[in-house]
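Novice: mmCIF, C-alpha atoms, saved as structure30.cif, coming up:
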data_entry
#
loop_
_atom_site.group_PDB
_atom_site.id
_atom_site.type_symbol
_atom_site.label_atom_id
_atom_site.label_comp_id
_atom_site.auth_asym_id
_atom_site.auth_seq_id
_atom_site.Cartn_x
_atom_site.Cartn_y
_atom_site.Cartn_z
ATOM 1 C CA MET A 1 -2.414 13.651 -16.687
ATOM 2 C CA ALA A 2 -4.734 11.599 -14.495
ATOM 3 C CA GLN A 3 -5.296 9.482 -11.430
ATOM 4 C CA TYR A 4 -3.173 6.340 -11.299
ATOM 5 C CA ALA A 5 -3.685 3.300 -9.081
ATOM 6 C CA ARG A 6 -2.120 -0.043 -8.273
ATOM 7 C CA PHE A 7 -4.627 -2.863 -7.915
ATOM 8 C CA VAL A 8 -4.669 -6.625 -7.525
ATOM 9 C CA GLY A 9 -5.993 -8.595 -10.470
ATOM 10 C CA PRO A 10 -7.914 -11.893 -10.356
ATOM 11 C CA ASN A 11 -4.609 -13.762 -10.699
ATOM 12 C CA GLY A 12 -3.151 -12.081 -7.608
ATOM 13 C CA ILE A 13 -0.734 -9.962 -9.662
ATOM 14 C CA VAL A 14 -0.540 -6.239 -8.943
ATOM 15 C CA HIS A 15 -1.401 -4.097 -11.963
ATOM 16 C CA THR A 16 -1.172 -0.389 -12.728
ATOM 17 C CA GLY A 17 -4.356 1.316 -13.809
ATOM 18 C CA ARG A 18 -5.722 4.666 -14.832
ATOM 19 C CA VAL A 19 -8.842 5.838 -12.972
ATOM 20 C CA GLN A 20 -11.398 7.396 -15.258
ATOM 21 C CA HIS A 21 -15.182 7.800 -15.011
ATOM 22 C CA GLY A 22 -15.354 5.539 -11.960
ATOM 23 C CA ARG A 23 -13.469 2.697 -13.623
ATOM 24 C CA LEU A 24 -9.950 1.264 -13.604
ATOM 25 C CA GLN A 25 -8.316 0.935 -16.997
ATOM 26 C CA ASP A 26 -5.382 -1.489 -17.036
ATOM 27 C CA ILE A 27 -2.192 0.167 -18.360
ATOM 28 C CA PRO A 28 -0.196 -2.131 -20.688
ATOM 29 C CA GLY A 29 3.044 -3.378 -19.146
ATOM 30 C CA ASP A 30 1.997 -2.387 -15.598
ATOM 31 C CA PRO A 31 4.741 0.215 -15.082
ATOM 32 C CA GLU A 32 5.335 1.617 -11.614
ATOM 33 C CA ILE A 33 3.431 4.883 -11.293
ATOM 34 C CA LEU A 34 6.551 7.010 -10.723
ATOM 35 C CA ASP A 35 8.271 5.398 -13.718
ATOM 36 C CA LEU A 36 5.239 6.305 -15.785
ATOM 37 C CA LEU A 37 5.182 9.919 -14.574
ATOM 38 C CA ASN A 38 8.936 10.357 -14.971
ATOM 39 C CA GLY A 39 8.998 8.825 -18.454
ATOM 40 C CA PRO A 40 8.592 10.620 -21.800
ATOM 41 C CA ALA A 41 5.290 12.454 -22.127
ATOM 42 C CA ASP A 42 4.507 10.890 -25.496
ATOM 43 C CA VAL A 43 4.971 7.379 -24.089
ATOM 44 C CA ARG A 44 2.657 8.187 -21.182
ATOM 45 C CA ARG A 45 0.001 9.579 -23.518
ATOM 46 C CA ASP A 46 0.202 6.466 -25.680
ATOM 47 C CA LEU A 47 -0.170 4.192 -22.658
ATOM 48 C CA ASP A 48 -3.131 6.226 -21.431
ATOM 49 C CA VAL A 49 -4.842 5.862 -24.789
ATOM 50 C CA ARG A 50 -4.129 2.142 -24.916
ATOM 51 C CA ALA A 51 -5.381 1.762 -21.336
ATOM 52 C CA GLY A 52 -8.770 3.010 -22.478
ATOM 53 C CA ARG A 53 -9.072 -0.101 -24.631
ATOM 54 C CA GLN A 54 -8.147 -2.482 -21.825
ATOM 55 C CA GLN A 55 -9.972 -3.931 -18.827
ATOM 56 C CA LYS A 56 -12.469 -1.507 -17.347
ATOM 57 C CA LEU A 57 -13.121 -2.530 -13.758
ATOM 58 C CA PRO A 58 -15.567 -0.518 -11.616
ATOM 59 C CA ILE A 59 -13.548 1.029 -8.787
ATOM 60 C CA GLN A 60 -15.998 -0.317 -6.201
ATOM 61 C CA ASP A 61 -15.049 -3.832 -7.312
ATOM 62 C CA ALA A 62 -11.291 -3.221 -7.208
ATOM 63 C CA ARG A 63 -8.892 -4.528 -4.596
ATOM 64 C CA PHE A 64 -6.402 -1.691 -4.356
ATOM 65 C CA ALA A 65 -2.715 -1.879 -3.538
ATOM 66 C CA VAL A 66 -0.652 1.014 -2.185
ATOM 67 C CA PRO A 67 0.038 3.487 -5.043
ATOM 68 C CA VAL A 68 3.754 3.783 -4.186
ATOM 69 C CA GLN A 69 6.095 2.064 -1.731
ATOM 70 C CA PRO A 70 7.970 4.915 -0.025
ATOM 71 C CA ARG A 71 11.429 4.488 1.455
ATOM 72 C CA ALA A 72 10.823 7.368 3.866
ATOM 73 C CA MET A 73 7.737 9.109 5.201
ATOM 74 C CA ARG A 74 7.668 12.509 6.895
ATOM 75 C CA ASP A 75 4.535 13.455 8.790
ATOM 76 C CA PHE A 76 4.208 17.216 9.246
ATOM 77 C CA LEU A 77 1.950 19.194 11.573
ATOM 78 C CA VAL A 78 0.600 22.069 9.499
ATOM 79 C CA PHE A 79 -3.008 22.555 10.688
ATOM 80 C CA GLU A 80 -2.935 25.199 13.424
ATOM 81 C CA ALA A 81 -6.394 24.378 14.805
ATOM 82 C CA HIS A 82 -5.419 20.733 15.335
ATOM 83 C CA ILE A 83 -2.319 21.485 17.375
ATOM 84 C CA ALA A 84 -4.222 24.183 19.277
ATOM 85 C CA GLY A 85 -6.832 21.595 20.240
ATOM 86 C CA MET A 86 -4.289 18.926 21.166
ATOM 87 C CA LYS A 87 -2.340 21.324 23.406
ATOM 88 C CA LYS A 88 -5.405 21.774 25.616
ATOM 89 C CA ASN A 89 -4.695 18.370 27.138
ATOM 90 C CA GLU A 90 -0.879 18.405 27.236
ATOM 91 C CA PRO A 91 1.601 19.679 29.828
ATOM 92 C CA GLY A 92 2.109 23.436 29.553
ATOM 93 C CA ASP A 93 -0.311 26.337 29.347
ATOM 94 C CA GLY A 94 -2.417 24.836 26.566
ATOM 95 C CA THR A 95 -1.305 27.238 23.832
ATOM 96 C CA VAL A 96 0.482 26.553 20.559
ATOM 97 C CA PRO A 97 4.266 26.772 21.143
ATOM 98 C CA GLU A 98 5.912 29.740 19.442
ATOM 99 C CA GLN A 99 8.409 27.328 17.887
ATOM 100 C CA TRP A 100 5.588 25.747 15.854
ATOM 101 C CA TYR A 101 5.228 28.963 13.830
ATOM 102 C CA GLU A 102 8.901 29.075 12.869
ATOM 103 C CA ALA A 103 9.004 26.099 10.459
ATOM 104 C CA PRO A 104 6.887 23.063 9.513
ATOM 105 C CA ALA A 105 7.864 20.414 12.060
ATOM 106 C CA PHE A 106 7.696 16.726 11.133
ATOM 107 C CA LEU A 107 8.406 13.245 12.429
ATOM 108 C CA PHE A 108 9.439 10.130 10.526
ATOM 109 C CA MET A 109 6.926 7.327 10.020
ATOM 110 C CA ASN A 110 7.371 3.604 9.364
ATOM 111 C CA PRO A 111 7.255 2.945 5.586
ATOM 112 C CA TRP A 112 6.906 -0.804 6.216
ATOM 113 C CA SER A 113 3.516 -0.230 7.827
ATOM 114 C CA VAL A 114 1.787 1.265 4.773
ATOM 115 C CA LEU A 115 -1.483 -0.445 3.857
ATOM 116 C CA PRO A 116 -4.038 0.195 1.089
ATOM 117 C CA THR A 117 -7.654 1.155 1.343
ATOM 118 C CA GLY A 118 -9.777 -1.904 2.074
ATOM 119 C CA ALA A 119 -7.142 -3.586 4.232
ATOM 120 C CA ASP A 120 -8.092 -4.741 7.723
ATOM 121 C CA ILE A 121 -6.356 -2.946 10.612
ATOM 122 C CA PRO A 122 -5.643 -5.327 13.525
ATOM 123 C CA MET A 123 -6.143 -3.783 16.953
ATOM 124 C CA PRO A 124 -2.675 -3.000 18.377
ATOM 125 C CA PRO A 125 -1.723 -4.653 21.683
ATOM 126 C CA PHE A 126 -2.021 -2.752 24.982
ATOM 127 C CA THR A 127 -4.099 0.173 23.737
ATOM 128 C CA GLN A 128 -7.477 1.365 24.931
ATOM 129 C CA LYS A 129 -7.437 4.544 22.838
ATOM 130 C CA LEU A 130 -7.128 3.639 19.157
ATOM 131 C CA ASP A 131 -7.551 6.703 16.933
ATOM 132 C CA PHE A 132 -7.132 7.863 13.317
ATOM 133 C CA GLU A 133 -5.675 10.951 11.642
ATOM 134 C CA LEU A 134 -7.186 12.514 8.510
ATOM 135 C CA GLU A 135 -4.330 13.746 6.299
ATOM 136 C CA VAL A 136 -3.264 14.393 2.717
ATOM 137 C CA ALA A 137 0.115 13.199 1.454
ATOM 138 C CA ALA A 138 2.253 14.535 -1.369
ATOM 139 C CA ILE A 139 4.324 11.930 -3.221
ATOM 140 C CA VAL A 140 7.794 13.145 -4.240
ATOM 141 C CA LYS A 141 8.580 12.690 -7.933
ATOM 142 C CA HIS A 142 12.386 13.017 -8.024
ATOM 143 C CA THR A 143 15.183 12.444 -5.539
ATOM 144 C CA VAL A 144 16.114 15.967 -4.494
ATOM 145 C CA ARG A 145 18.265 17.881 -2.030
ATOM 146 C CA ASP A 146 18.091 21.596 -1.134
ATOM 147 C CA ALA A 147 15.073 22.243 -3.356
ATOM 148 C CA PRO A 148 14.383 25.996 -3.772
ATOM 149 C CA ILE A 149 10.780 27.129 -3.516
ATOM 150 C CA GLU A 150 10.601 28.149 -7.187
ATOM 151 C CA GLU A 151 11.437 24.567 -8.248
ATOM 152 C CA ALA A 152 9.584 22.639 -5.555
ATOM 153 C CA ALA A 153 6.334 22.103 -7.486
ATOM 154 C CA GLU A 154 8.082 20.182 -10.270
ATOM 155 C CA HIS A 155 9.251 17.610 -7.711
ATOM 156 C CA ILE A 156 5.733 16.626 -6.596
ATOM 157 C CA ALA A 157 4.261 13.662 -8.487
ATOM 158 C CA GLY A 158 0.800 13.852 -6.962
ATOM 159 C CA TYR A 159 -1.362 13.451 -3.899
ATOM 160 C CA CYS A 160 -3.076 10.713 -1.886
ATOM 161 C CA ILE A 161 -5.184 10.451 1.259
ATOM 162 C CA LEU A 162 -3.323 9.274 4.366
ATOM 163 C CA ASN A 163 -4.677 7.837 7.610
ATOM 164 C CA ASP A 164 -2.023 7.840 10.340
ATOM 165 C CA TRP A 165 -3.473 5.312 12.792
ATOM 166 C CA SER A 166 -2.547 6.154 16.389
ATOM 167 C CA ALA A 167 -2.684 4.416 19.791
ATOM 168 C CA ARG A 168 -3.075 7.541 21.905
ATOM 169 C CA ASP A 169 -2.460 6.048 25.347
ATOM 170 C CA ILE A 170 0.802 4.435 24.203
ATOM 171 C CA GLN A 171 1.779 7.605 22.333
ATOM 172 C CA GLY A 172 1.162 9.754 25.406
ATOM 173 C CA ARG A 173 3.416 7.663 27.627
ATOM 174 C CA GLU A 174 6.191 7.662 25.022
ATOM 175 C CA MET A 175 6.146 11.411 24.506
ATOM 176 C CA ARG A 176 6.562 12.093 28.238
ATOM 177 C CA ILE A 177 10.140 10.826 27.771
ATOM 178 C CA GLY A 178 10.887 13.571 25.252
ATOM 179 C CA LEU A 179 10.935 11.295 22.213
ATOM 180 C CA GLY A 180 8.330 9.647 20.082
ATOM 181 C CA PRO A 181 5.787 8.767 19.209
ATOM 182 C CA SER A 182 7.085 5.369 18.133
ATOM 183 C CA LYS A 183 5.078 2.272 19.122
ATOM 184 C CA GLY A 184 2.039 4.505 19.395
ATOM 185 C CA LYS A 185 2.080 4.974 15.629
ATOM 186 C CA ASP A 186 4.298 2.473 13.830
ATOM 187 C CA PHE A 187 1.754 -0.325 13.346
ATOM 188 C CA ALA A 188 -0.307 0.983 10.375
ATOM 189 C CA ASN A 189 -0.739 3.834 7.899
ATOM 190 C CA THR A 190 -3.287 3.796 5.092
ATOM 191 C CA LEU A 191 -2.217 5.453 1.818
ATOM 192 C CA GLY A 192 -4.474 5.703 -1.211
ATOM 193 C CA PRO A 193 -6.736 5.056 -2.901
ATOM 194 C CA TRP A 194 -4.687 6.234 -5.876
ATOM 195 C CA LEU A 195 -2.259 8.994 -6.867
ATOM 196 C CA THR A 196 -3.841 12.153 -8.275
ATOM 197 C CA THR A 197 -1.487 14.294 -10.374
ATOM 198 C CA PRO A 198 -1.281 18.036 -9.587
ATOM 199 C CA ASP A 199 -2.870 19.179 -12.852
ATOM 200 C CA GLU A 200 -6.036 17.274 -11.924
ATOM 201 C CA LEU A 201 -6.377 19.586 -8.898
ATOM 202 C CA GLU A 202 -5.836 22.938 -10.640
ATOM 203 C CA LYS A 203 -9.544 23.748 -10.523
ATOM 204 C CA TYR A 204 -9.304 23.668 -6.720
ATOM 205 C CA ARG A 205 -6.214 25.876 -6.483
ATOM 206 C CA GLU A 206 -6.233 28.956 -4.242
ATOM 207 C CA GLY A 207 -2.774 30.530 -4.400
ATOM 208 C CA ASP A 208 -0.294 27.851 -3.385
ATOM 209 C CA ARG A 209 -2.945 25.678 -1.660
ATOM 210 C CA TYR A 210 -5.825 23.470 -2.793
ATOM 211 C CA ALA A 211 -9.365 24.063 -1.509
ATOM 212 C CA LEU A 212 -10.271 20.412 -0.955
ATOM 213 C CA GLY A 213 -13.049 19.462 1.433
ATOM 214 C CA MET A 214 -11.980 16.748 3.879
ATOM 215 C CA SER A 215 -14.115 14.469 6.046
ATOM 216 C CA VAL A 216 -13.815 11.381 8.241
ATOM 217 C CA ALA A 217 -16.617 9.063 9.331
ATOM 218 C CA ILE A 218 -16.956 6.157 11.768
ATOM 219 C CA ASN A 219 -19.482 3.528 10.690
ATOM 220 C CA GLY A 220 -20.978 6.019 8.260
ATOM 221 C CA GLU A 221 -21.339 8.909 10.730
ATOM 222 C CA VAL A 222 -19.214 11.963 9.946
ATOM 223 C CA VAL A 223 -17.148 12.962 12.995
ATOM 224 C CA GLY A 224 -14.711 15.510 11.506
ATOM 225 C CA THR A 225 -14.406 17.946 8.599
ATOM 226 C CA ASP A 226 -11.892 20.535 7.407
ATOM 227 C CA ASN A 227 -10.466 21.986 4.197
ATOM 228 C CA LEU A 228 -6.947 21.480 2.871
ATOM 229 C CA ARG A 229 -6.698 25.223 2.181
ATOM 230 C CA ASN A 230 -6.226 25.690 5.941
ATOM 231 C CA MET A 231 -2.679 24.320 5.889
ATOM 232 C CA SER A 232 -0.257 26.849 7.370
ATOM 233 C CA TRP A 233 2.440 25.777 4.885
ATOM 234 C CA SER A 234 2.061 24.517 1.318
ATOM 235 C CA PHE A 235 3.385 21.134 0.218
ATOM 236 C CA GLU A 236 6.050 22.956 -1.781
ATOM 237 C CA GLU A 237 7.207 24.726 1.388
ATOM 238 C CA MET A 238 7.210 21.417 3.223
ATOM 239 C CA LEU A 239 9.499 19.964 0.549
ATOM 240 C CA VAL A 240 11.856 22.950 0.772
ATOM 241 C CA HIS A 241 12.111 22.447 4.532
ATOM 242 C CA ALA A 242 12.477 18.652 4.363
ATOM 243 C CA SER A 243 15.180 18.787 1.677
ATOM 244 C CA ARG A 244 17.330 21.438 3.347
ATOM 245 C CA ASP A 245 20.738 19.762 3.639
ATOM 246 C CA ALA A 246 19.023 16.356 3.305
ATOM 247 C CA TRP A 247 18.023 13.965 0.547
ATOM 248 C CA VAL A 248 14.310 13.415 -0.056
ATOM 249 C CA GLY A 249 13.793 10.401 -2.289
ATOM 250 C CA ALA A 250 11.552 9.714 -5.249
ATOM 251 C CA GLY A 251 8.393 8.085 -3.919
ATOM 252 C CA ASP A 252 8.824 9.497 -0.428
ATOM 253 C CA VAL A 253 5.740 10.755 1.410
ATOM 254 C CA LEU A 254 5.295 14.277 2.771
ATOM 255 C CA ALA A 255 2.135 14.145 4.879
ATOM 256 C CA SER A 256 0.197 17.183 6.004
ATOM 257 C CA GLY A 257 -0.470 16.043 9.525
ATOM 258 C CA THR A 258 -3.945 15.905 11.003
ATOM 259 C CA ALA A 259 -6.659 18.234 9.760
ATOM 260 C CA SER A 260 -8.688 20.053 12.403
ATOM 261 C CA THR A 261 -11.249 17.638 13.918
ATOM 262 C CA GLY A 262 -9.547 14.929 11.864
ATOM 263 C CA ALA A 263 -8.764 12.859 14.961
ATOM 264 C CA LEU A 264 -10.819 11.809 17.962
ATOM 265 C CA SER A 265 -8.008 12.877 20.298
ATOM 266 C CA GLU A 266 -8.468 16.539 19.338
ATOM 267 C CA ARG A 267 -12.078 16.412 20.498
ATOM 268 C CA TRP A 268 -11.075 14.509 23.647
ATOM 269 C CA ALA A 269 -8.520 17.228 24.432
ATOM 270 C CA ARG A 270 -11.018 20.050 23.864
ATOM 271 C CA THR A 271 -13.833 18.524 25.941
ATOM 272 C CA GLY A 272 -11.976 16.413 28.492
ATOM 273 C CA GLN A 273 -14.235 13.473 27.621
ATOM 274 C CA LEU A 274 -13.709 10.323 25.529
ATOM 275 C CA THR A 275 -16.602 11.240 23.221
ATOM 276 C CA PRO A 276 -16.832 9.864 20.593
ATOM 277 C CA PRO A 277 -15.241 6.774 22.173
ATOM 278 C CA PRO A 278 -11.978 5.219 20.978
ATOM 279 C CA LEU A 279 -12.164 2.859 18.024
ATOM 280 C CA GLN A 280 -13.269 -0.712 18.690
ATOM 281 C CA VAL A 281 -13.054 -3.978 16.766
ATOM 282 C CA GLY A 282 -15.628 -3.868 13.971
ATOM 283 C CA ASP A 283 -15.526 -0.102 13.478
ATOM 284 C CA VAL A 284 -15.103 1.121 9.902
ATOM 285 C CA VAL A 285 -13.241 4.390 9.326
ATOM 286 C CA THR A 286 -13.885 6.214 6.047
ATOM 287 C CA MET A 287 -11.940 9.257 4.854
ATOM 288 C CA THR A 288 -12.891 11.334 1.830
ATOM 289 C CA VAL A 289 -10.987 14.237 0.304
ATOM 290 C CA GLU A 290 -12.443 16.200 -2.588
ATOM 291 C CA GLY A 291 -10.559 15.417 -5.794
ATOM 292 C CA LEU A 292 -8.584 12.574 -4.192
ATOM 293 C CA GLY A 293 -11.208 9.900 -3.528
ATOM 294 C CA THR A 294 -12.007 7.786 -0.473
ATOM 295 C CA ILE A 295 -10.132 5.324 1.731
ATOM 296 C CA GLU A 296 -11.825 2.905 4.110
ATOM 297 C CA ASN A 297 -10.578 0.345 6.630
ATOM 298 C CA ARG A 298 -12.132 -1.911 9.261
ATOM 299 C CA ILE A 299 -10.657 -2.544 12.719
ATOM 300 C CA VAL A 300 -10.289 -6.290 13.383
ATOM 301 C CA GLU A 301 -9.123 -8.430 16.288
ATOM 302 C CA GLN A 302 -5.563 -8.109 17.559
ATOM 303 C CA ALA A 303 -3.096 -10.197 15.535
ATOM 304 C CA SER A 304 0.182 -9.476 17.342
ATOM 305 C CA PRO A 305 1.170 -11.725 20.287
ATOM 306 C CA GLY A 306 2.213 -8.530 22.074
ATOM 307 C CA HIS A 307 5.662 -9.568 23.277
ATOM 308 C CA MET A 308 6.950 -7.310 26.060
ATOM 309 C CA VAL A 309 10.428 -6.491 27.350
ATOM 310 C CA PRO A 310 11.309 -6.025 31.052
ATOM 311 C CA ARG A 311 11.567 -2.674 32.800
ATOM 312 C CA ALA A 312 14.870 -0.836 32.629
ATOM 313 C CA ARG A 313 17.866 -2.141 34.558
ATOM 314 C CA ARG A 314 19.142 0.360 37.111
ATOM 315 C CA THR A 315 22.887 0.522 36.426
ATOM 316 C CA TYR A 316 23.942 3.869 38.002
ATOM 317 C CA GLY A 317 24.215 4.892 41.608
ATOM 318 C CA PRO A 318 22.735 8.077 43.122
ATOM 319 C CA ASP A 319 26.060 9.872 42.570
ATOM 320 C CA ARG A 320 25.525 9.693 38.798
ATOM 321 C CA LEU A 321 21.813 10.461 38.854
#
Would you mind writing the structure in this file as structure tokens?

Specialist:
Amino acid sequence: MAQYARFVGPNGIVHTGRVQHGRLQDIPGDPEILDLLNGPADVRRDLDVRAGRQQKLPIQDARFAVPVQPRAMRDFLVFEAHIAGMKKNEPGDGTVPEQWYEAPAFLFMNPWSVLPTGADIPMPPFTQKLDFELEVAAIVKHTVRDAPIEEAAEHIAGYCILNDWSARDIQGREMRIGLGPSKGKDFANTLGPWLTTPDELEKYREGDRYALGMSVAINGEVVGTDNLRNMSWSFEEMLVHASRDAWVGAGDVLASGTASTGALSERWARTGQLTPPPLQVGDVVTMTVEGLGTIENRIVEQASPGHMVPRARRTYGPDRL
């Protein structure tokens, strides 16, 4: 198989392409990537061959679109060192909760907020602590429920890089309620640059994980690194858990959660200092994962008018509180 991308052509129409040797090859008919991967193997091979004769655009000149448009996104938390760091600045004794080790916990993300590499990220209203999260996402190939572990791998179409942008001050206030995060995270997620099929990553395989180096940089300076092999659960195990007594749809995202040192907030929690400082307008965040490519986005001026609602109405007396 290969690496498949969606990109915007000169006419503004989104095309499907095959990434090979640093170039995008336009696939005839521009099928959706999941349709291509779920179709007959001989048809896919024919389209791949024909793509090699089509437009060959250098990837650095491409304007990418999101590889898939998920209907649901689950963001897991499978890097132990990240949660250990974050807990150093949260209520409690600063240790990883025992419940974390029992199963791969996740939260739902906003699929309407997915943006491609290269897109500008407007500064969210009311935040002074804009942050990023370096993650890898598996894209589900088939709609599935109650997937057993021995069949889970066949339901994964491929992998992308994910940046789960986060307004940490807003997130912190929300989570004190016992819910969330919601507005602290629902404004943007970067997914891309393309979808890499599992067979392309076999050379990196170590058991049921992939040994992929991961890094994130701000304005060209690397501020965090990890390796995908350090996940405490595999993507197949994440799918088993997510699909237990629940439908997981074709095209849905299963995200790894933040790699260790893959967010500024982890360093803030470990040191008690805002160093490096929160993201500012003009900053460029670049994430690279071995075998998966690179995504990059620039922070720009706030675009939202920032409408607010009033404080809660007090409707109960002391006898009910």

Novice: What's the separation between atom CA of Val284 of chain A and atom CA of Arg298 of chain A, in Å to one decimal place?

Specialist: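 Atom-to-atom, atom CA of Val284 of chain A and atom CA of Arg298 of chain A are spaced 4.3 Å apart.
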
Novice: Would you mind listing what lies within 8 Å of segment 304-315 of chain A as a list of chain:residue names, with only C-alpha atoms counted and same-chain residues fewer than 5 positions away left out?

Specialist: A:Pro124, A:Pro125, A:Phe126

Novice: Can you list, as an MDAnalysis selection string, every protein, DNA or RNA residue that comes within 12 Å of segment 147-153 of chain A when you count only C-alpha atoms, leaving out same-chain residues fewer than 6 positions away?

Specialist: chainID A and resid 138:141 197:199 208:209 233:249

Novice: Dig up all the protein and nucleic acid residues within 12 Å of (1.1, -8.7, -9.5) in the file frame, using all atoms listed in the file, and format them as an MDAnalysis selection string.

Specialist: chainID A and resid 6:16 29:32 63:65

Novice: Closest to Leu228 of chain A among A:Leu279, A:Ala137, A:Ala303, A:Ala157, using all atoms listed in the file?

Specialist: A:Ala137

Novice: Just how far from atom CA of Trp194 of chain A is atom CA of Ala5 of chain A, in Å to one decimal?

Specialist: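 One can read the atom CA of Ala5 of chain A to atom CA of Trp194 of chain A distance as 4.5 Å.
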
Novice: Expressed in Å to a single decimal, how great is the separation between atom CA of Gly172 of chain A and atom CA of Gly118 of chain A?

Specialist: 28.3 Å

Novice: Excluding same-chain residues fewer than 3 positions from segment 127-134 of chain A, what lies within 6 Å of it counting all atoms listed in the file, as an MDAnalysis selection string?

Specialist: chainID A and resid 163:169 258:259 262:263 278:279

Novice: Excluding same-chain residues fewer than 3 positions from Leu292 of chain A, what lies within 8 Å of it counting only C-alpha atoms, as a PyMOL selection string?

Specialist: chain A and resi 159-161+193-196+288-289

Novice: If you take every atom of segment 237-251 of chain A that the file lists and fit an axis-aligned box around them with 8 Å extra on each side, what centre and edge lengths come out in Å to one decimal, as lines of an AutoDock Vina configuration file?

Specialist:
center_x = 14.0
center_y = 16.4
center_z = -0.4
size_x = 29.5
size_y = 32.6
size_z = 25.8

Novice: For the structure provided, state which residues fall under the PyMOL selection byres ((chain A and resi 220) around 12), and present them as a ChimeraX atom specification.

Specialist: /A:215-219,221-224,283-288,296-298

Novice: With a distance cut-off of 9 Å and all atoms listed in the file, select the neighbouring residues of Val300 of chain A, excluding the residue or stretch itself and same-chain residues fewer than 2 positions from it, and output the selection as a list in words.

Specialist: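 Those residues are Asp120, Ile121, Pro122, Met123, Gln280, Val281, Gly282, Asp283, Arg298, Gln302 and Ala303 of chain A.
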
Novice: Could you check which of A:Gln99, A:Gln69, A:Thr275, A:Gln25 is closest to Val49 of chain A, using all atoms listed in the file?

Specialist: A:Gln25

Novice: Using only C-alpha atoms for the distances, tell me which of A:Lys88, A:Arg50, A:Lys56, A:Arg45 is nearest to Leu24 of chain A.

Specialist: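 The shortest atom-to-atom distance to Leu24 of chain A comes from A:Lys56.
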
Novice: Spell out the residues picked by the PyMOL selection byres ((chain A and resi 104) around 8) here, as a list in words.

Specialist: Phe76, Leu77, Val78, Trp100, Tyr101, Glu102, Ala103, Ala105, Phe106, Trp233, Met238 and His241 of chain A

Novice: Closest to Arg173 of chain A among A:Gly85, A:Glu200, A:Asn230, A:Glu90, using all atoms listed in the file?

Specialist: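 Smallest distance to Arg173 of chain A is found for A:Glu90.
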
Novice: Just say which residues the PyMOL selection byres ((chain A and resi 48) around 12) picks in this file, as a ChimeraX atom specification.

Specialist: /A:1-4,16-20,24-31,36-37,41-47,49-54

Novice: Find the residue from A:Leu321, A:Val114, A:Met86, A:Ala119 that sits nearest to Leu264 of chain A; use all atoms listed in the file when measuring.

Specialist: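 Once distances to Leu264 of chain A are computed over all atoms listed in the file, the minimum belongs to A:Met86.
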
Novice: Using all atoms listed in the file, which of the listed residues (A:Ala211, A:Ala72, A:Ile170, A:Val66) sits closest to Asp226 of chain A?

Specialist: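 Selected residue with least distance to Asp226 of chain A: A:Ala211.
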
Novice: Please, which residues are within 12 Å of (-2.0, 22.1, 20.6) by the file's coordinates, counting all atoms listed in the file, and could they come as a ChimeraX atom specification?

Specialist: /A:77-100,258,260,265-267,269-270
